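Asks: What follows is a structure written as C-alpha coordinates; I'll ask about it next.
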Amino acid sequence: MDHNANLKKLIAGSSYNSIAEICKPLFDNFGFNTFIYSRIYSDGKYWTLSNRPDWLTYFYETNFKEADTFSETIENGYYFDLSELKVPSIQINTARESFDADNWLNVLKKFKGYSEICAFAAPKYHHSVTNLYLNHREIFDHFLLYFRSKADALIKNAEKNLIYPNTVSLLKKEHVISTQDDFENAKKIFYDGTKINKYFTKDPSNTTYLTFREFQSLKILANGYSPKEIGAMIGLTSRTVNYYLNNIKKKFGCYKKSQLIQILKDSNLDTLDIQV
(Lines give C-alpha, C1' and ligand atoms only; values in the text may rest on other atoms or scores of the structure.)
Protein backbone atom coordinates (compact mmCIF):
# COMPACT_ATOMS: atom_id res chain seq x y z
CA MET A 1 0.00 0.00 0.00
CA ASP A 2 1.36 3.43 -1.00
CA HIS A 3 0.73 5.38 2.19
CA ASN A 4 1.37 8.81 0.63
CA ALA A 5 -1.06 8.17 -2.22
CA ASN A 6 -3.70 6.88 0.17
CA LEU A 7 -3.19 9.83 2.51
CA LYS A 8 -3.95 12.16 -0.40
CA LYS A 9 -7.17 10.23 -0.98
CA LEU A 10 -8.06 10.58 2.67
CA ILE A 11 -7.43 14.32 2.73
CA ALA A 12 -9.41 14.82 -0.50
CA GLY A 13 -12.71 13.93 1.16
CA SER A 14 -15.28 16.38 2.56
CA SER A 15 -17.19 14.91 5.47
CA TYR A 16 -15.80 16.46 8.67
CA ASN A 17 -18.67 18.93 8.83
CA SER A 18 -21.20 16.14 8.25
CA ILE A 19 -19.70 14.00 11.02
CA ALA A 20 -19.63 16.97 13.40
CA GLU A 21 -23.29 17.69 12.71
CA ILE A 22 -24.23 14.06 13.43
CA CYS A 23 -22.21 14.19 16.66
CA LYS A 24 -23.65 17.52 17.81
CA PRO A 25 -26.34 16.07 20.17
CA LEU A 26 -23.71 13.92 21.87
CA PHE A 27 -21.19 16.75 22.13
CA ASP A 28 -23.63 19.44 23.24
CA ASN A 29 -25.33 17.35 25.92
CA PHE A 30 -22.43 15.38 27.40
CA GLY A 31 -19.33 17.48 26.69
CA PHE A 32 -17.45 15.29 24.21
CA ASN A 33 -15.30 16.90 21.53
CA THR A 34 -14.03 13.93 19.50
CA PHE A 35 -15.59 10.99 17.70
CA ILE A 36 -13.70 8.57 15.43
CA TYR A 37 -15.23 5.69 13.47
CA SER A 38 -12.79 3.33 11.74
CA ARG A 39 -12.78 0.02 9.94
CA ILE A 40 -9.57 -1.94 9.63
CA TYR A 41 -9.63 -4.81 7.15
CA SER A 42 -7.75 -8.08 7.43
CA ASP A 43 -5.52 -7.11 4.48
CA GLY A 44 -4.32 -4.00 6.33
CA LYS A 45 -6.47 -1.46 4.50
CA TYR A 46 -8.51 0.98 6.57
CA TRP A 47 -10.69 4.06 6.48
CA THR A 48 -11.69 6.60 9.09
CA LEU A 49 -14.56 9.02 9.62
CA SER A 50 -14.24 11.72 12.28
CA ASN A 51 -15.03 15.30 13.24
CA ARG A 52 -11.32 15.96 14.01
CA PRO A 53 -9.22 16.95 10.97
CA ASP A 54 -6.46 18.32 13.20
CA TRP A 55 -5.86 15.14 15.15
CA LEU A 56 -6.30 12.74 12.24
CA THR A 57 -3.98 14.68 9.94
CA TYR A 58 -1.30 14.56 12.61
CA PHE A 59 -2.13 10.92 13.39
CA TYR A 60 -1.62 9.70 9.82
CA GLU A 61 1.28 11.99 8.90
CA THR A 62 3.28 10.81 11.94
CA ASN A 63 2.48 7.16 11.24
CA PHE A 64 0.55 6.68 14.47
CA LYS A 65 -1.76 4.68 12.18
CA GLU A 66 0.42 1.65 12.88
CA ALA A 67 -1.17 1.53 16.35
CA ASP A 68 -4.44 0.50 14.70
CA THR A 69 -3.06 -2.94 13.92
CA PHE A 70 -3.87 -4.26 17.37
CA SER A 71 -3.52 -7.85 18.51
CA GLU A 72 -6.04 -10.39 17.30
CA THR A 73 -6.25 -11.63 20.89
CA ILE A 74 -8.06 -8.46 22.00
CA GLU A 75 -11.74 -9.23 22.54
CA ASN A 76 -14.85 -7.35 21.50
CA GLY A 77 -15.80 -4.85 24.15
CA TYR A 78 -15.68 -1.37 25.69
CA TYR A 79 -12.25 -0.02 26.65
CA PHE A 80 -11.42 3.21 28.45
CA ASP A 81 -7.96 2.00 29.43
CA LEU A 82 -6.13 2.48 26.12
CA SER A 83 -3.21 0.36 27.28
CA GLU A 84 -5.49 -2.67 26.91
CA LEU A 85 -5.63 -1.88 23.18
CA LYS A 86 -1.84 -1.57 23.01
CA VAL A 87 -2.04 2.16 22.24
CA PRO A 88 1.44 3.72 22.72
CA SER A 89 1.74 6.17 25.60
CA ILE A 90 3.22 8.81 23.28
CA GLN A 91 0.02 8.71 21.21
CA ILE A 92 -2.17 9.05 24.31
CA ASN A 93 -0.08 11.95 25.65
CA THR A 94 0.01 13.76 22.30
CA ALA A 95 -3.76 13.54 21.87
CA ARG A 96 -4.26 14.86 25.40
CA GLU A 97 -1.73 17.67 25.50
CA SER A 98 -1.72 18.92 21.90
CA PHE A 99 -5.31 18.20 20.80
CA ASP A 100 -7.27 18.21 24.09
CA ALA A 101 -8.64 14.73 23.30
CA ASP A 102 -8.62 12.72 26.51
CA ASN A 103 -10.81 10.45 28.68
CA TRP A 104 -11.24 7.96 25.84
CA LEU A 105 -13.79 5.22 25.35
CA ASN A 106 -13.06 2.76 22.55
CA VAL A 107 -15.71 0.30 21.37
CA LEU A 108 -14.23 -2.67 19.51
CA LYS A 109 -16.30 -5.00 17.35
CA LYS A 110 -14.87 -7.75 15.16
CA PHE A 111 -16.58 -9.10 12.07
CA LYS A 112 -15.59 -11.43 9.28
CA GLY A 113 -12.82 -9.71 7.36
CA TYR A 114 -12.59 -6.50 9.38
CA SER A 115 -12.66 -4.86 12.79
CA GLU A 116 -14.64 -1.77 13.71
CA ILE A 117 -13.36 0.76 16.25
CA CYS A 118 -15.51 3.61 17.55
CA ALA A 119 -13.70 6.10 19.78
CA PHE A 120 -15.12 8.85 21.98
CA ALA A 121 -13.04 11.49 23.74
CA ALA A 122 -13.61 14.60 25.84
CA PRO A 123 -11.40 17.52 26.92
CA LYS A 124 -8.78 16.56 29.46
CA TYR A 125 -10.54 18.38 32.31
CA HIS A 126 -13.81 16.50 31.72
CA HIS A 127 -13.11 13.43 33.89
CA SER A 128 -16.77 12.89 34.79
CA VAL A 129 -17.43 11.25 31.42
CA THR A 130 -15.98 8.10 32.98
CA ASN A 131 -19.24 7.82 34.94
CA LEU A 132 -21.12 7.77 31.64
CA TYR A 133 -18.88 4.99 30.33
CA LEU A 134 -19.38 2.89 33.43
CA ASN A 135 -23.07 3.48 34.15
CA HIS A 136 -24.77 4.45 30.89
CA ARG A 137 -23.53 2.20 28.12
CA GLU A 138 -26.97 2.49 26.52
CA ILE A 139 -26.18 6.07 25.50
CA PHE A 140 -23.20 4.92 23.41
CA ASP A 141 -25.04 1.91 21.97
CA HIS A 142 -27.82 4.30 20.95
CA PHE A 143 -25.44 6.83 19.43
CA LEU A 144 -23.56 4.23 17.39
CA LEU A 145 -26.82 3.02 15.85
CA TYR A 146 -27.84 6.63 15.21
CA PHE A 147 -24.46 7.37 13.66
CA ARG A 148 -24.56 4.37 11.38
CA SER A 149 -28.03 5.34 10.18
CA LYS A 150 -27.19 9.02 9.60
CA ALA A 151 -23.75 8.36 8.10
CA ASP A 152 -24.85 5.45 5.91
CA ALA A 153 -23.92 7.19 2.65
CA LEU A 154 -20.53 8.27 4.03
CA ILE A 155 -19.82 4.73 5.21
CA LYS A 156 -20.73 3.21 1.84
CA ASN A 157 -18.47 5.71 0.09
CA ALA A 158 -15.67 5.06 2.57
CA GLU A 159 -15.80 1.36 1.78
CA LYS A 160 -14.93 2.22 -1.83
CA ASN A 161 -12.58 5.14 -1.17
CA LEU A 162 -10.39 5.92 1.79
CA ILE A 163 -12.01 8.93 3.41
CA TYR A 164 -10.32 11.82 5.20
CA PRO A 165 -12.96 14.57 5.47
CA ASN A 166 -13.00 18.43 5.66
CA THR A 167 -12.27 20.75 8.56
CA VAL A 168 -14.71 21.86 11.25
CA SER A 169 -14.45 24.20 14.22
CA LEU A 170 -14.79 22.38 17.52
CA LEU A 171 -16.80 23.34 20.57
CA LYS A 172 -14.33 24.33 23.31
CA LYS A 173 -16.61 25.38 26.15
CA GLU A 174 -16.56 23.50 29.44
CA HIS A 175 -19.58 21.27 29.94
CA VAL A 176 -20.41 20.09 33.45
CA ILE A 177 -23.35 17.94 34.55
CA SER A 178 -23.63 18.53 38.29
CA THR A 179 -26.93 16.92 39.34
CA GLN A 180 -29.10 13.94 38.43
CA ASP A 181 -31.73 16.36 37.09
CA ASP A 182 -29.08 17.94 34.84
CA PHE A 183 -28.14 14.52 33.57
CA GLU A 184 -31.72 13.43 32.89
CA ASN A 185 -32.38 16.69 31.05
CA ALA A 186 -29.21 16.29 28.98
CA LYS A 187 -30.13 12.68 28.21
CA LYS A 188 -33.63 13.69 27.06
CA ILE A 189 -32.30 16.44 24.81
CA PHE A 190 -29.71 14.02 23.42
CA TYR A 191 -32.32 11.37 22.60
CA ASP A 192 -34.69 13.96 21.14
CA GLY A 193 -31.89 15.08 18.84
CA THR A 194 -30.82 11.58 17.78
CA LYS A 195 -33.98 9.84 16.64
CA ILE A 196 -33.17 6.48 15.07
CA ASN A 197 -35.19 5.36 12.06
CA LYS A 198 -33.30 2.15 11.36
CA TYR A 199 -32.21 -0.23 14.12
CA PHE A 200 -29.73 -2.37 12.19
CA THR A 201 -29.45 -5.95 13.32
CA LYS A 202 -26.62 -8.46 13.58
CA ASP A 203 -23.65 -7.81 11.25
CA PRO A 204 -23.48 -4.05 10.43
CA SER A 205 -22.90 -4.92 6.76
CA ASN A 206 -26.36 -6.48 6.77
CA THR A 207 -29.21 -4.28 5.50
CA THR A 208 -31.90 -5.82 7.72
CA TYR A 209 -33.23 -3.45 10.35
CA LEU A 210 -36.12 -2.73 12.70
CA THR A 211 -38.13 0.45 12.36
CA PHE A 212 -38.61 2.63 15.42
CA ARG A 213 -42.07 1.19 16.14
CA GLU A 214 -40.88 -2.38 15.54
CA PHE A 215 -38.00 -1.90 17.95
CA GLN A 216 -40.23 -0.20 20.52
CA SER A 217 -42.85 -2.98 20.36
CA LEU A 218 -40.26 -5.76 20.49
CA LYS A 219 -38.29 -4.20 23.35
CA ILE A 220 -41.41 -3.85 25.52
CA LEU A 221 -42.52 -7.37 24.55
CA ALA A 222 -39.14 -8.62 25.79
CA ASN A 223 -39.89 -6.98 29.15
CA GLY A 224 -42.89 -9.26 29.59
CA TYR A 225 -45.81 -7.16 28.36
CA SER A 226 -48.68 -8.26 26.12
CA PRO A 227 -49.55 -6.48 22.83
CA LYS A 228 -52.51 -4.87 24.59
CA GLU A 229 -50.29 -3.57 27.40
CA ILE A 230 -47.66 -2.43 24.89
CA GLY A 231 -50.28 -0.48 22.96
CA ALA A 232 -51.47 1.26 26.12
CA MET A 233 -47.90 2.27 26.96
CA ILE A 234 -47.04 3.79 23.59
CA GLY A 235 -50.44 5.01 22.43
CA LEU A 236 -51.27 2.32 19.87
CA THR A 237 -53.98 -0.32 19.55
CA SER A 238 -53.08 -3.95 20.24
CA ARG A 239 -53.89 -4.63 16.59
CA THR A 240 -51.25 -2.12 15.47
CA VAL A 241 -48.69 -3.57 17.87
CA ASN A 242 -49.37 -7.04 16.47
CA TYR A 243 -48.89 -5.60 12.98
CA TYR A 244 -45.37 -4.45 13.92
CA LEU A 245 -44.54 -7.74 15.63
CA ASN A 246 -45.75 -9.69 12.58
CA ASN A 247 -43.53 -7.54 10.37
CA ILE A 248 -40.55 -8.62 12.46
CA LYS A 249 -41.56 -12.27 12.21
CA LYS A 250 -41.68 -12.02 8.41
CA LYS A 251 -38.33 -10.23 8.18
CA PHE A 252 -36.47 -12.79 10.26
CA GLY A 253 -38.52 -15.93 9.84
CA CYS A 254 -38.95 -16.12 13.60
CA TYR A 255 -42.34 -16.97 15.07
CA LYS A 256 -41.65 -17.77 18.72
CA LYS A 257 -41.45 -15.03 21.34
CA SER A 258 -38.08 -16.36 22.51
CA GLN A 259 -36.72 -16.11 18.95
CA LEU A 260 -37.92 -12.52 18.62
CA ILE A 261 -36.28 -11.54 21.90
CA GLN A 262 -33.05 -13.22 20.78
CA ILE A 263 -32.93 -10.81 17.83
CA LEU A 264 -32.49 -7.96 20.31
CA LYS A 265 -29.71 -9.76 22.17
CA ASP A 266 -27.84 -10.89 19.04
CA SER A 267 -27.93 -7.34 17.67
CA ASN A 268 -26.93 -5.63 20.95
CA LEU A 269 -30.24 -3.77 20.95
CA ASP A 270 -31.33 -5.13 24.31
CA THR A 271 -29.31 -2.49 26.22
CA LEU A 272 -31.06 0.47 24.58
CA ASP A 273 -33.69 2.58 26.29
CA ILE A 274 -37.27 2.11 25.11
CA GLN A 275 -38.25 5.77 25.13
CA VAL A 276 -35.84 6.88 22.40
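For the C-alpha coordinates, the naming scheme is as follows: chains receive sequential letters (A, B, ...) according to their order of presentation, residues are indexed from 1 within each chain, and ligands are indexed from 1 in presentation order.
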Check the DSSP output for the backbone and give back, as a PyMOL selection string, the residues of range 66-222 of chain A in strand (DSSP E).
Replies: chain A and resi 77-79+102-111+114-122+199-200+209-210
Asks: So how far away is CA of Arg39 in chain A from CA of Lys109 in chain A, in Å?
Replies: 9.6 Å
Asks: Hey, what's within 8 Å of Lys228 in chain A if we count only C-alpha atoms and toss same-chain stuff fewer than 2 positions away? As a PyMOL selection string, please?
Replies: chain A and resi 226+230-232+237-238+241
Asks: Find the residue from A:Ile234, A:Tyr146, A:Gln262, A:Asn157 that sits nearest to Asn197 in chain A; use only C-alpha atoms when measuring.
Replies: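 For Asn197 in chain A, the nearest of the given residues is A:Tyr146.
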Asks: Tell me which protein, DNA and RNA residues are within 10 Å of Phe80 in chain A, counting only C-alpha atoms, leaving out same-chain ones fewer than 5 positions away, and put them as a VMD selection string.
Replies: chain A and resid 85 103 to 107 119 to 121 130 133 to 134
